[in-house]
Structures are given as C-alpha cells and as structure tokens.
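K.L.:
What follows is final-v2.cif, made up of mmCIF, C-alpha atoms:
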```cif
data_query
loop_
_atom_site.label_atom_id
_atom_site.label_comp_id
_atom_site.auth_asym_id
_atom_site.auth_seq_id
_atom_site.Cartn_x
_atom_site.Cartn_y
_atom_site.Cartn_z
CA MET D 1324 -37.96 -6.79 36.46
CA LYS D 1325 -39.80 -4.48 34.11
CA LYS D 1326 -40.39 -5.38 30.47
CA HIS D 1327 -38.11 -2.65 29.06
CA HIS D 1328 -35.27 -3.75 31.39
CA LEU D 1329 -35.51 -7.29 30.10
CA ARG D 1330 -35.48 -5.95 26.53
CA ALA D 1331 -32.40 -3.82 27.34
CA ILE D 1332 -30.52 -6.91 28.61
CA LEU D 1333 -31.42 -8.77 25.43
CA LEU D 1334 -30.32 -5.83 23.25
CA LEU D 1335 -27.04 -5.48 25.18
CA LEU D 1336 -26.37 -9.18 24.65
CA LEU D 1337 -27.08 -8.66 20.95
CA THR D 1338 -24.63 -5.73 20.98
CA VAL D 1339 -21.90 -7.96 22.42
CA LEU D 1340 -22.67 -10.56 19.74
CA ALA D 1341 -22.56 -7.99 16.91
CA CYS D 1342 -19.32 -6.51 18.28
CA SER D 1343 -17.71 -9.95 18.49
CA PHE D 1344 -18.79 -10.86 14.97
CA SER D 1345 -17.72 -7.61 13.32
CA GLY D 1346 -14.68 -7.25 15.60
CA LEU D 1347 -13.34 -10.65 14.53
CA ASP D 1348 -13.87 -9.66 10.90
CA PHE D 1349 -11.91 -6.43 11.37
CA LEU D 1350 -9.16 -8.14 13.39
CA ASN D 1351 -8.90 -10.75 10.63
CA MET D 1352 -7.27 -8.02 8.56
CA HIS D 1353 -4.27 -8.06 10.90
CA GLU D 1354 -3.37 -11.50 9.54
CA GLU D 1355 -0.57 -11.26 7.00
CA GLU D 1356 -0.53 -13.29 3.78
CA ALA D 1357 2.14 -15.98 3.44
CA LEU D 1358 5.24 -15.12 1.41
CA PHE D 1359 7.78 -17.70 0.27
CA PRO D 1360 11.08 -16.00 -0.57
CA SER D 1361 13.32 -17.31 -3.34
CA PRO D 1362 16.11 -19.70 -2.21
CA HIS D 1363 18.55 -17.05 -3.42
CA LEU D 1364 17.49 -14.63 -0.67
CA THR D 1365 20.60 -13.41 1.15
CA ALA D 1366 19.03 -11.90 4.26
CA LYS D 1367 15.69 -10.95 5.72
CA LYS D 1368 15.62 -7.94 7.97
CA LYS D 1369 13.00 -5.65 9.47
CA LEU D 1370 12.60 -1.93 8.97
CA SER D 1371 13.22 -1.64 12.73
CA ASP D 1372 16.79 -2.92 12.13
CA TYR D 1373 17.37 0.43 10.41
CA PHE D 1374 15.26 2.48 12.80
CA PRO D 1375 14.68 0.81 16.20
CA GLY D 1376 11.87 3.27 16.92
CA LEU D 1377 9.60 1.03 14.79
CA LYS D 1378 10.29 -2.14 16.78
CA ASN D 1379 7.12 -3.97 17.89
CA SER D 1380 4.97 -1.36 16.18
CA PRO D 1381 2.46 -2.02 13.38
CA GLY D 1382 4.71 0.10 11.15
CA ASP D 1383 7.53 -2.44 11.23
CA SER D 1384 7.87 -4.41 8.02
CA SER D 1385 9.96 -7.16 6.40
CA VAL D 1386 12.93 -6.17 4.26
CA TYR D 1387 14.20 -8.77 1.77
CA ILE D 1388 17.82 -8.49 0.65
CA PHE D 1389 19.35 -10.18 -2.40
CA GLU D 1390 23.07 -9.91 -3.04
CA GLY D 1391 24.96 -11.07 -6.10
CA GLN D 1392 28.39 -12.66 -5.95
CA MET D 1393 29.88 -9.66 -7.76
CA ARG D 1394 29.64 -6.13 -6.43
CA GLY D 1395 27.57 -3.59 -8.28
CA GLY D 1396 24.79 -1.06 -7.77
CA THR D 1397 22.18 -1.18 -5.01
CA LEU D 1398 18.50 -0.98 -5.84
CA LEU D 1399 15.57 -0.44 -3.47
CA ILE D 1400 12.05 -1.47 -4.51
CA LEU D 1401 9.10 -0.42 -2.40
CA GLY D 1402 5.69 -2.07 -2.79
CA GLY D 1403 2.66 -1.34 -0.65
CA THR D 1404 3.29 2.33 0.08
CA HIS D 1405 -0.44 2.50 -0.63
CA PRO D 1406 -1.93 -0.93 0.20
CA ASN D 1407 -4.95 -0.31 -2.06
CA GLU D 1408 -2.64 -0.31 -5.10
CA PRO D 1409 -2.11 -4.05 -5.54
CA ALA D 1410 0.15 -4.08 -8.62
CA GLY D 1411 2.98 -2.48 -6.63
CA PHE D 1412 2.66 -4.98 -3.82
CA ILE D 1413 2.29 -8.02 -6.10
CA THR D 1414 5.29 -6.96 -8.22
CA ALA D 1415 7.36 -6.83 -5.02
CA VAL D 1416 6.03 -10.29 -4.00
CA LEU D 1417 6.83 -11.71 -7.45
CA LEU D 1418 10.39 -10.41 -7.15
CA VAL D 1419 10.86 -11.72 -3.59
CA GLU D 1420 9.65 -15.20 -4.59
CA ASN D 1421 11.68 -15.53 -7.81
CA LEU D 1422 14.70 -13.29 -7.80
CA ALA D 1423 18.27 -14.48 -8.06
CA LEU D 1424 21.02 -11.92 -8.37
CA LYS D 1425 24.24 -12.28 -10.31
CA GLN D 1426 25.61 -8.85 -9.58
CA GLY D 1427 24.76 -5.96 -7.29
CA LYS D 1428 22.25 -5.76 -4.47
CA VAL D 1429 18.45 -5.55 -4.50
CA ILE D 1430 16.43 -4.67 -1.41
CA ILE D 1431 12.67 -5.18 -1.50
CA VAL D 1432 10.05 -3.98 0.99
CA PRO D 1433 6.68 -5.41 -0.18
CA ARG D 1434 4.61 -3.86 2.66
CA ALA D 1435 6.10 -0.38 2.97
CA ASN D 1436 3.11 0.80 5.01
CA ASN D 1437 2.36 -2.36 6.97
CA SER D 1438 -0.33 -0.67 9.07
CA GLY D 1439 -2.27 0.30 5.93
CA PHE D 1440 -2.69 -3.39 5.09
CA MET D 1441 -4.49 -3.96 8.43
CA HIS D 1442 -7.70 -2.17 7.50
CA ASN D 1443 -9.51 -0.87 4.46
CA ASP D 1444 -11.36 2.30 3.67
CA PRO D 1445 -14.76 2.70 5.34
CA GLN D 1446 -17.81 3.01 3.07
CA GLU D 1447 -15.89 1.87 -0.02
CA GLY D 1448 -17.12 -1.73 0.08
CA ASN D 1449 -13.70 -3.01 -0.96
CA PRO D 1450 -12.89 -6.67 -0.38
CA GLN D 1451 -10.43 -7.41 2.42
CA ARG D 1452 -8.48 -9.79 0.20
CA TYR D 1453 -8.15 -11.16 -3.32
CA SER D 1454 -6.83 -14.50 -4.51
CA LEU D 1455 -4.49 -15.68 -7.24
CA ASP D 1456 -4.36 -19.23 -8.57
CA THR D 1457 -0.90 -20.78 -8.42
CA PRO D 1458 0.06 -24.27 -9.59
CA GLY D 1459 0.10 -25.34 -5.92
CA GLY D 1460 -3.26 -23.89 -4.94
CA THR D 1461 -4.98 -20.57 -4.40
CA ARG D 1462 -3.15 -17.89 -2.48
CA TRP D 1463 -4.77 -14.81 -0.95
CA PHE D 1464 -3.35 -11.30 -0.61
CA ARG D 1465 -4.53 -8.38 1.46
CA TYR D 1466 -6.24 -5.34 -0.09
CA GLY D 1467 -5.73 -2.48 2.34
CA SER D 1468 -6.11 1.25 2.54
CA ARG D 1469 -4.13 4.17 1.13
CA LEU D 1470 -3.64 5.40 4.69
CA THR D 1471 -2.24 4.08 7.96
CA ASN D 1472 -4.84 2.37 10.16
CA PRO D 1473 -6.41 5.07 12.39
CA ILE D 1474 -6.30 2.54 15.23
CA HIS D 1475 -2.51 2.87 15.07
CA GLN D 1476 -2.35 6.62 14.49
CA TRP D 1477 -5.08 8.95 15.75
CA PRO D 1478 -6.55 11.47 16.02
CA ASP D 1479 -5.68 13.19 12.73
CA PRO D 1480 -4.72 16.85 13.01
CA VAL D 1481 -7.02 19.34 11.28
CA LEU D 1482 -4.10 20.64 9.27
CA TYR D 1483 -0.97 18.58 8.72
CA VAL D 1484 2.42 20.19 8.20
CA ASN D 1485 4.60 17.39 6.89
CA PRO D 1486 8.30 16.98 7.71
CA ALA D 1487 9.21 18.77 4.47
CA GLY D 1488 7.10 21.78 5.51
CA GLN D 1489 4.10 21.33 3.17
CA LYS D 1490 0.64 22.08 4.58
CA LEU D 1491 -1.88 19.31 3.85
CA SER D 1492 -5.26 18.15 5.08
CA GLY D 1493 -5.15 16.23 8.37
CA THR D 1494 -5.73 12.73 6.94
CA GLU D 1495 -2.54 13.04 4.88
CA SER D 1496 -0.61 12.58 8.13
CA ARG D 1497 -1.42 8.88 7.57
CA ASN D 1498 -0.29 8.85 3.93
CA LEU D 1499 3.25 7.43 3.77
CA ASN D 1500 3.86 9.15 0.45
CA ARG D 1501 3.33 12.57 2.02
CA CYS D 1502 5.44 11.99 5.13
CA TYR D 1503 9.00 11.91 3.77
CA PRO D 1504 11.68 12.45 4.93
CA GLY D 1505 9.92 11.38 8.11
CA ARG D 1506 10.38 12.30 11.74
CA LYS D 1507 12.20 10.27 14.37
CA SER D 1508 9.64 11.10 17.08
CA GLY D 1509 6.64 11.95 14.93
CA TYR D 1510 3.45 10.13 13.97
CA LEU D 1511 3.73 6.40 13.18
CA THR D 1512 3.62 7.12 9.41
CA GLU D 1513 6.40 9.68 9.80
CA LYS D 1514 8.44 7.10 11.70
CA ILE D 1515 7.96 4.59 8.84
CA ALA D 1516 9.13 7.26 6.37
CA TYR D 1517 12.10 7.98 8.64
CA GLY D 1518 12.91 4.23 8.76
CA ILE D 1519 12.86 4.04 4.95
CA MET D 1520 15.16 7.09 4.73
CA ARG D 1521 17.54 5.38 7.18
CA LEU D 1522 17.46 2.25 5.03
CA ILE D 1523 18.30 4.31 1.93
CA ASN D 1524 21.20 6.02 3.71
CA ASP D 1525 22.57 2.94 5.52
CA GLU D 1526 22.44 0.70 2.45
CA LYS D 1527 23.79 3.46 0.17
CA ILE D 1528 20.97 2.97 -2.32
CA ASP D 1529 21.89 3.98 -5.87
CA LEU D 1530 18.40 3.76 -7.30
CA ALA D 1531 15.11 3.71 -5.36
CA ILE D 1532 11.80 2.78 -6.98
CA ASP D 1533 8.40 3.32 -5.35
CA LEU D 1534 5.65 1.22 -6.98
CA HIS D 1535 2.19 2.75 -7.20
CA GLU D 1536 -1.12 2.68 -9.02
CA ALA D 1537 -3.69 5.37 -9.70
CA ALA D 1538 -7.21 5.65 -11.05
CA PRO D 1539 -7.55 5.64 -14.86
CA GLU D 1540 -9.05 9.16 -14.71
CA TYR D 1541 -5.96 10.51 -12.91
CA PRO D 1542 -3.52 12.31 -15.25
CA VAL D 1543 -0.30 10.88 -13.76
CA ILE D 1544 -0.83 7.35 -15.00
CA ASN D 1545 1.27 4.77 -16.86
CA ALA D 1546 4.07 7.07 -15.92
CA ILE D 1547 7.61 7.29 -14.62
CA VAL D 1548 7.76 10.12 -12.09
CA PHE D 1549 11.37 11.15 -11.60
CA HIS D 1550 13.45 13.39 -9.40
CA GLU D 1551 15.57 15.79 -11.45
CA ASN D 1552 18.68 13.81 -10.47
CA SER D 1553 17.21 10.87 -12.45
CA ALA D 1554 15.89 12.72 -15.51
CA GLU D 1555 18.34 11.14 -17.92
CA LEU D 1556 17.82 7.70 -16.42
CA ALA D 1557 14.03 8.05 -16.73
CA ALA D 1558 14.38 9.21 -20.36
CA ILE D 1559 16.53 6.18 -21.24
CA ALA D 1560 14.05 3.84 -19.52
CA LEU D 1561 11.18 5.51 -21.40
CA MET D 1562 12.88 4.93 -24.74
CA THR D 1563 13.63 1.28 -23.87
CA LEU D 1564 10.02 0.71 -22.83
CA GLN D 1565 8.57 2.42 -25.89
CA MET D 1566 10.81 0.32 -28.14
CA GLU D 1567 9.32 -2.74 -26.40
CA GLY D 1568 5.83 -1.45 -27.11
CA VAL D 1569 5.06 -0.30 -23.56
CA ASP D 1570 3.28 3.05 -23.75
CA ILE D 1571 4.55 5.13 -20.87
CA ARG D 1572 5.11 8.82 -20.16
CA LEU D 1573 7.50 10.88 -18.08
CA GLU D 1574 6.50 13.20 -15.27
CA ALA D 1575 9.02 15.41 -13.52
CA SER D 1576 8.68 15.56 -9.75
CA PRO D 1577 7.44 19.10 -8.98
CA PRO D 1578 9.97 20.79 -6.66
CA ASN D 1579 7.20 22.43 -4.61
CA LEU D 1580 5.22 19.21 -4.03
CA ARG D 1581 6.85 18.10 -0.81
CA GLY D 1582 6.82 14.95 1.26
CA LEU D 1583 6.66 12.50 -1.64
CA SER D 1584 9.18 9.71 -2.24
CA HIS D 1585 10.25 10.96 -5.68
CA ARG D 1586 11.03 14.37 -4.17
CA GLU D 1587 12.45 13.74 -0.69
CA TRP D 1588 14.46 10.57 -1.46
CA GLY D 1589 16.36 12.61 -4.02
CA ASP D 1590 16.61 15.82 -1.97
CA PHE D 1591 17.45 14.32 1.42
CA ALA D 1592 19.12 10.97 0.65
CA LYS D 1593 20.63 12.05 -2.68
CA THR D 1594 19.56 8.76 -4.24
CA ARG D 1595 18.11 8.45 -7.73
CA ALA D 1596 14.39 8.53 -6.99
CA ILE D 1597 11.69 7.10 -9.25
CA LEU D 1598 7.98 6.47 -8.75
CA LEU D 1599 6.07 4.21 -11.14
CA GLU D 1600 2.32 4.43 -11.77
CA THR D 1601 -0.05 1.99 -13.47
CA ALA D 1602 -3.82 2.31 -13.97
CA ASN D 1603 -5.95 0.52 -11.39
CA THR D 1604 -9.68 0.32 -12.05
CA SER D 1605 -10.53 -0.82 -8.52
CA HIS D 1606 -8.94 2.37 -7.24
CA GLY D 1607 -11.00 4.79 -9.33
CA ARG D 1608 -14.09 6.81 -8.44
CA LEU D 1609 -16.04 5.80 -11.56
CA LYS D 1610 -15.98 2.07 -10.86
CA GLY D 1611 -19.05 -0.06 -10.36
CA LYS D 1612 -19.32 -2.66 -7.62
CA PRO D 1613 -15.96 -3.20 -5.89
CA SER D 1614 -14.89 -6.85 -5.88
CA ALA D 1615 -11.87 -9.14 -5.90
CA SER D 1616 -12.43 -9.80 -9.60
CA LEU D 1617 -12.37 -6.04 -10.32
CA ILE D 1618 -8.93 -5.92 -8.69
CA ILE D 1619 -7.64 -8.87 -10.71
CA GLU D 1620 -9.47 -8.51 -14.02
CA GLY D 1621 -9.76 -4.72 -14.01
CA ARG D 1622 -12.88 -4.81 -16.21
CA ASP D 1623 -15.58 -2.23 -15.62
CA LYS D 1624 -18.44 -0.97 -17.82
CA ASN D 1625 -18.38 2.53 -16.33
CA TYR D 1626 -14.74 2.93 -17.26
CA GLN D 1627 -15.46 1.63 -20.75
CA LYS D 1628 -18.07 4.35 -21.09
CA ALA D 1629 -15.70 6.97 -19.64
CA ALA D 1630 -13.05 5.93 -22.16
CA GLN D 1631 -15.57 6.28 -24.99
CA LEU D 1632 -16.32 9.79 -23.75
CA GLY D 1633 -12.60 10.59 -23.71
CA ARG D 1634 -12.48 11.08 -19.96
CA LEU D 1635 -9.56 8.74 -19.20
CA PHE D 1636 -5.82 9.14 -19.53
CA VAL D 1637 -5.25 5.54 -20.62
CA PRO D 1638 -6.89 3.37 -23.28
CA PHE D 1639 -9.66 1.23 -21.77
CA ASP D 1640 -11.78 -1.37 -23.57
CA GLU D 1641 -13.87 -4.42 -22.70
CA ASN D 1642 -10.68 -6.30 -21.68
CA GLY D 1643 -10.04 -3.81 -18.87
CA ILE D 1644 -6.59 -3.41 -17.33
CA PRO D 1645 -5.90 -6.69 -15.54
CA LEU D 1646 -3.49 -7.05 -12.62
CA LYS D 1647 -1.14 -9.20 -14.73
CA GLN D 1648 -0.80 -6.37 -17.24
CA ARG D 1649 -0.10 -3.83 -14.52
CA VAL D 1650 2.47 -6.07 -12.80
CA SER D 1651 4.08 -6.79 -16.18
CA ARG D 1652 4.34 -3.03 -16.78
CA HIS D 1653 6.01 -2.47 -13.38
CA LEU D 1654 8.39 -5.34 -14.04
CA ALA D 1655 9.31 -4.01 -17.50
CA SER D 1656 9.90 -0.54 -16.04
CA ILE D 1657 12.17 -1.89 -13.27
CA ILE D 1658 14.22 -3.86 -15.83
CA ALA D 1659 14.46 -0.82 -18.12
CA LEU D 1660 15.57 1.41 -15.23
CA ILE D 1661 18.27 -1.07 -14.16
CA SER D 1662 19.53 -1.26 -17.72
CA GLY D 1663 19.46 2.55 -17.99
CA LEU D 1664 21.41 2.86 -14.73
CA TYR D 1665 24.13 0.61 -16.16
CA GLU D 1666 24.20 2.58 -19.38
CA LEU D 1667 24.77 5.83 -17.48
CA HIS D 1668 26.95 4.36 -14.72
CA PRO D 1669 28.82 1.22 -15.83
CA ASP D 1670 30.23 1.02 -12.28
CA LEU D 1671 26.71 0.28 -10.94
CA PRO D 1672 25.66 -2.95 -12.66
CA ILE D 1673 22.71 -4.94 -11.30
CA GLN D 1674 22.13 -8.27 -13.00
CA LEU D 1675 18.81 -9.94 -12.27
CA ALA D 1676 18.24 -13.62 -12.98
CA ASN D 1677 15.50 -16.20 -12.64
CA LEU D 1678 12.72 -13.70 -13.21
CA PRO D 1679 9.76 -14.25 -15.53
CA SER D 1680 9.83 -11.81 -18.41
CA PRO D 1681 7.20 -9.03 -18.45
CA ALA D 1682 5.77 -10.61 -21.62
CA GLU D 1683 5.35 -13.98 -19.85
CA VAL D 1684 3.56 -12.32 -16.91
CA ARG D 1685 1.27 -10.44 -19.31
CA GLN D 1686 0.51 -13.64 -21.18
CA VAL D 1687 0.06 -16.32 -18.48
CA GLY D 1688 -0.55 -14.19 -15.39
CA ILE D 1689 1.15 -13.89 -12.02
CA GLY D 1690 -0.01 -17.12 -10.35
CA PRO D 1691 2.28 -19.52 -12.30
CA PHE D 1692 5.30 -17.61 -10.96
CA LEU D 1693 4.25 -17.60 -7.31
CA LYS D 1694 5.36 -20.34 -4.93
CA PRO D 1695 2.84 -23.00 -3.91
CA LEU D 1696 1.46 -22.92 -0.39
CA LYS D 1697 3.54 -25.04 1.98
CA MET Z 833 -2.07 12.55 26.13
CA ILE Z 834 -4.64 13.53 23.51
CA GLN Z 835 -5.30 9.81 22.91
CA ILE Z 836 -6.09 9.25 26.61
CA ILE Z 837 -8.51 12.19 26.62
CA TYR Z 838 -10.15 10.83 23.45
CA HIS Z 839 -10.47 7.40 25.07
CA ILE Z 840 -12.04 8.86 28.23
CA ILE Z 841 -14.61 10.72 26.08
CA VAL Z 842 -15.47 7.50 24.19
CA LEU Z 843 -15.77 5.57 27.48
CA TYR Z 844 -17.98 8.29 29.00
CA LEU Z 845 -20.33 8.26 26.01
CA THR Z 846 -20.37 4.45 25.94
CA ILE Z 847 -21.49 4.32 29.59
CA HIS Z 848 -24.18 6.91 28.82
CA LEU Z 849 -25.41 4.84 25.89
CA VAL Z 850 -25.67 1.69 28.02
CA TRP Z 851 -27.55 3.65 30.70
CA PHE Z 852 -29.85 5.10 28.00
CA ILE Z 853 -30.71 1.62 26.67
CA VAL Z 854 -31.47 0.35 30.19
CA ARG Z 855 -33.83 3.19 31.18
CA GLU Z 856 -35.45 3.84 27.80
CA LYS Z 857 -39.00 2.44 27.50
CA LYS Z 858 -39.52 2.69 23.73
CA PHE Z 859 -38.22 -0.33 21.83
CA TRP Z 860 -37.15 1.55 18.69
CA ASP Z 861 -35.15 4.08 20.70
CA GLN Z 862 -33.46 1.24 22.60
CA LEU Z 863 -32.62 -0.40 19.26
CA SER Z 864 -31.18 2.87 17.88
CA GLY Z 865 -29.02 3.17 20.99
CA MET Z 866 -27.78 -0.35 20.46
CA ILE Z 867 -26.66 0.40 16.89
CA VAL Z 868 -24.68 3.43 18.06
CA LEU Z 869 -23.24 1.44 20.98
CA ILE Z 870 -21.71 -1.14 18.61
CA ILE Z 871 -19.63 1.56 16.92
CA PHE Z 872 -18.55 3.04 20.24
CA LEU Z 873 -17.47 -0.35 21.61
CA LEU Z 874 -15.43 -1.13 18.46
CA ARG Z 875 -13.70 2.22 18.88
CA LEU Z 876 -13.26 1.84 22.65
CA PHE Z 877 -11.44 -1.48 22.26
CA LEU Z 878 -9.42 -0.15 19.30
CA ILE Z 879 -10.79 -2.73 16.88
CA LYS Z 880 -12.04 -0.32 14.21
#
```
Output the structure of this file as structure tokens.

P.N.:
Amino acid sequence: MKKHHLRAILLLLLTVLACSFSGLDFLNMHEEEALFPSPHLTAKKKLSDYFPGLKNSPGDSSVYIFEGQMRGGTLLILGGTHPNEPAGFITAVLLVENLALKQGKVIIVPRANNSGFMHNDPQEGNPQRYSLDTPGGTRWFRYGSRLTNPIHQWPDPVLYVNPAGQKLSGTESRNLNRCYPGRKSGYLTEKIAYGIMRLINDEKIDLAIDLHEAAPEYPVINAIVFHENSAELAAIALMTLQMEGVDIRLEASPPNLRGLSHREWGDFAKTRAILLETANTSHGRLKGKPSASLIIEGRDKNYQKAAQLGRLFVPFDENGIPLKQRVSRHLASIIALISGLYELHPDLPIQLANLPSPAEVRQVGIGPFLKPLK
Amino acid sequence: MIQIIYHIIVLYLTIHLVWFIVREKKFWDQLSGMIVLIIFLLRLFLIK
C-alpha cells in the first residue's frame, strides 16, 4: 500500500469520527425539554388531532387544553412560532405549568413550529439551549431557529408564493408566520399553518394570540399588532397596560402584508387575531457574543451604545431587557386582552387563576414558577 | 421527486470526494477534501 493511500484511510476514519461527533451534537437538538403541566390541565392533544396530515411528522406539536367549570370564551395562545424568540415560548410554558381556569377555555401550543426547535441558524453561534433555575433544580429549554429545519423541508424555492398569494423570498417558505392560512398538501410549514387554522375553526376560538419577539432595532417592538376586527380590543388592552405602567404601542395589521397570523387568522378564521412583540437582544443584529446569558439577562454593550445613539425603538440601559421582563410583559398583555374581551363581550368571559402576576415574574423571575424536575 | 434528485446529486459528489481523497497524493489537498466530505456526509444522512 502506498503512503498516500494509508493517509487517505486515516483521513476517512477521521471524517467518520468528526461526522459522528458533530452529528450527535446536531441530533441532540431533536430532544425536547421536559414540561410539567398544571394539575388543572383538562386535556392534552396533538396538532395532528386537528389535521391528521401532520401525524408522525416533525411539525406535529402538543396542544394543552384548560377548561373552566363555567362556559365562557375560548382563547388560543401560540408560543414558539419562531423558536429563536424565547419569551413567547417561555410564557406559554409558564401558563401550561401554572394555569387553572375558573371560566372559559384556554388552548396553549408552546411549540407552534416544532421543527424549528430542532436546529438553530448556521453561522450565528447561538447556544442550542439555555437554563433557568427553579426551586427543584435547573431546567433547560431549547433555543431554535426562526425557520423550519431544512432537513424536514427542502429545497427552498427561489421565489415563494404563500397560500395567501404574497410573493416572498424562498426561505420564507419555512417561516410559519408567512405561511397562513396554510395548505393541506403543501410544504411542512404550510401544513403546520393549516393545522393551526383547523384548530382555530374546530375549537371556535374567540381570541387568538401569537407570542413573538423582535430585535430592539426593529420598529414593531413592545407592540400589540392587531387585525382590524380586534382594533377596539387592542385599544382597551393598551389603555389597561399603560395604566399599569407597561409602555406598549399599537400596530395595525397591514391588509397587504399576507400570510401572517394577525392577518390570516382574522381574514380566514374570522377570529380576533393579535400578535404580541417584546424586545429580544439575543435576536438582534447589533449584539455581541451570543450566549445563554444574553438570552436570559438581555444585557449587551453594543445595544447600550445603539440606545445612546438613538438607534433603538425601546429604552435600553446597562440592565438590558431580561427574559423575566419580556415574559412579564407578554403575561400582562394576555391578561389585559382577556379583560378587554370581557369588557366588549360580556358573553365571552375567561377567568384565569393560579397564575403569578406579571409584577411577580418581573421581580423574582420565571424559575420560581416553573415545576421542579421529576 | 426533487428531493430524490437532490439526494442522488449529494451521493454522487460524496463518492467523488472519497475517490479524490484516495487517489490524491498531496496531504493538504487530501485534508481539504476531508473537510468538504464531512459537510456532504451530514447532508447525505439528513443530520444537518
């Protein structure tokens, strides 16, 4: 055997080793974090129960249903539409693990785009997970990607025409919040969107809330984005929040921006559609080194500088915008929207119980309200 | 269908890369081939 042949065998063995090492690391992202639902949970379903086309696919996701003893309105809360926006996901987890319902029905989908949690964005250097301290130990949660895993949906088209007819760049075919109202036999992301639309129709959702985050330099931030059928509701919620000292703004859903939850849920399912945005430092383009602590603490010197230069749409100082503050903001907005819904429609009451108050979450953090590991 | 075609292309290029590493005499070129091969294998087995 010649010398270069021997070297080739050695290099091929090294290749197998490198593939195994990195492959295991990537496959590790398919592991889902543990969730411990509140004892008041009425039923746990899957998205595939509403749309069987998702069964055994990476797009299938858990649906948690809470029902009060008295009838009332039905609320849908979606976390994890974009798995790199952790406040939405963690708010949904906090609700699933604590909620008790006196009246009405609340349906929560923490991992709306389950496939997006199974990878993260290449070349971003984001951590695969972050941890929160609970009284019973440390619990980890997945930090994913804005888009569906390309392993599950590929190749991307050059130009994507979404189910609502809007032309977008090809990668947007993997963005759940551009794929509404979905397609029964379309891409995986379109099928997820279709499943969510079926859920909204089958459960006769009165109010649907999509939880998001955006970079502090993005104009639609600390905002309630509303479909025109929910303008009054959003205005009432805004006033409630501002009276509580939560600085938030209103953004009307543009009628010609198609495929988004706040547009198509209202147009196609006729439900009251709301999207909530908080400011996430780890999501922004100006951030320094990405890390788990950036996700949780939200402190970053570059953003401090940008704020001093007046380049941000939210106040930003040395305290950053921690996850607990963002979750508290989402929680306060949900409560204000429920109360606004009752004010406008007394026949649609939803009475939440057993939840930490937004002020408590802001003060002591999220961990004390999460269940200990079993 | 398009996914099968894509997979066949990746497999074809992977085989070529392995063959290149085996017949190449220069160490640094073999090493470069190896680095590219890792990415192709991860794609071929739908890991990343």

K.L.:
Can you work out which one of D:Glu1567, D:Asp1383, D:Glu1600, D:Asp1670 has the shortest atom-to-atom distance to Ala1682 of chain D, counting only C-alpha atoms?

P.N.:
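Distance minimum relative to Ala1682 of chain D lands on D:Glu1567.
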
K.L.:
With distances taken over only C-alpha atoms, which of D:Gly1346, D:Gly1505, D:Gly1396, D:Gly1518 is nearest to chain Z?

P.N.:
D:Gly1346

K.L.:
What gap, in Å, lies between atom CA of Pro1504 of chain D and atom CA of Ala1592 of chain D?

P.N.:
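For atom CA of Pro1504 of chain D relative to atom CA of Ala1592 of chain D, the distance reads 8.7 Å.
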
K.L.:
Determine the residue membership of the PyMOL selection byres ((chain D) within 6 of (chain Z)) for the file above and supply it as a PyMOL selection string.

P.N.:
chain D and resi 1327-1328+1331+1338+1342+1474

K.L.:
Do you have the atom CA of Val1543 of chain D-atom CA of Gly1607 of chain D distance handy?

P.N.:
13.1 Å

K.L.:
Can you tell me how far atom CA of Thr1471 of chain D sits from atom CA of Leu1364 of chain D, in Å to one decimal?

P.N.:
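Spanning atom CA of Thr1471 of chain D to atom CA of Leu1364 of chain D is a straight-line distance of 28.5 Å.
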
K.L.:
Would you kindly return, as a count of residues only, each protein, DNA or RNA residue with an atom no farther than 8 Å from any atom of Ser1614 of chain D, considering all atoms listed in the file and excluding same-chain residues fewer than 5 positions away?

P.N.:
3

K.L.:
Can you pull out every residue within 10 Å of Arg1595 of chain D, counting all atoms listed in the file, but drop anything in the same chain fewer than 4 positions away, and send it as a PyMOL selection string?

P.N.:
chain D and resi 1398+1528-1532+1549-1554+1556-1557+1585-1586+1588-1590+1664

K.L.:
Could you expand the PyMOL selection byres ((chain D and resi 1642-1657) around 6) into the explicit residues it covers here, written as a PyMOL selection string?

P.N.:
chain D and resi 1410+1414+1601+1619-1622+1639-1641+1658-1660+1681+1684-1685+1688-1689

K.L.:
Could you turn the residues from that selection into a file that holds C-alpha atoms, as a PDB file, in the frame of the given file?

P.N.:
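The resulting file, again31.pdb, is shown below:
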```
ATOM      1  CA  ALA D1410       0.150  -4.080  -8.620  1.00  0.00           C
ATOM      2  CA  THR D1414       5.290  -6.960  -8.220  1.00  0.00           C
ATOM      3  CA  THR D1601      -0.050   1.990 -13.470  1.00  0.00           C
ATOM      4  CA  ILE D1619      -7.640  -8.870 -10.710  1.00  0.00           C
ATOM      5  CA  GLU D1620      -9.470  -8.510 -14.020  1.00  0.00           C
ATOM      6  CA  GLY D1621      -9.760  -4.720 -14.010  1.00  0.00           C
ATOM      7  CA  ARG D1622     -12.880  -4.810 -16.210  1.00  0.00           C
ATOM      8  CA  PHE D1639      -9.660   1.230 -21.770  1.00  0.00           C
ATOM      9  CA  ASP D1640     -11.780  -1.370 -23.570  1.00  0.00           C
ATOM     10  CA  GLU D1641     -13.870  -4.420 -22.700  1.00  0.00           C
ATOM     11  CA  ILE D1658      14.220  -3.860 -15.830  1.00  0.00           C
ATOM     12  CA  ALA D1659      14.460  -0.820 -18.120  1.00  0.00           C
ATOM     13  CA  LEU D1660      15.570   1.410 -15.230  1.00  0.00           C
ATOM     14  CA  PRO D1681       7.200  -9.030 -18.450  1.00  0.00           C
ATOM     15  CA  VAL D1684       3.560 -12.320 -16.910  1.00  0.00           C
ATOM     16  CA  ARG D1685       1.270 -10.440 -19.310  1.00  0.00           C
ATOM     17  CA  GLY D1688      -0.550 -14.190 -15.390  1.00  0.00           C
ATOM     18  CA  ILE D1689       1.150 -13.890 -12.020  1.00  0.00           C
TER      19      ILE D1689
END
```

K.L.:
If I only want segment 854-866 of chain Z, can you write it with C-alpha atoms, as an mmCIF file, in the first residue's frame?

P.N.:
```
data_model
loop_
_atom_site.group_PDB
_atom_site.id
_atom_site.type_symbol
_atom_site.label_atom_id
_atom_site.label_comp_id
_atom_site.auth_asym_id
_atom_site.auth_seq_id
_atom_site.Cartn_x
_atom_site.Cartn_y
_atom_site.Cartn_z
ATOM 1 C CA VAL Z 854 -7.927 8.091 -2.019
ATOM 2 C CA ARG Z 855 -6.060 8.971 -5.229
ATOM 3 C CA GLU Z 856 -4.740 12.401 -4.241
ATOM 4 C CA LYS Z 857 -1.022 12.420 -3.348
ATOM 5 C CA LYS Z 858 -0.735 15.837 -1.677
ATOM 6 C CA PHE Z 859 -1.580 15.779 2.025
ATOM 7 C CA TRP Z 860 -3.114 19.272 2.185
ATOM 8 C CA ASP Z 861 -5.421 18.553 -0.756
ATOM 9 C CA GLN Z 862 -6.494 15.291 0.893
ATOM 10 C CA LEU Z 863 -7.201 17.213 4.107
ATOM 11 C CA SER Z 864 -9.250 19.840 2.220
ATOM 12 C CA GLY Z 865 -11.274 17.050 0.632
ATOM 13 C CA MET Z 866 -11.908 15.575 4.051
#
```
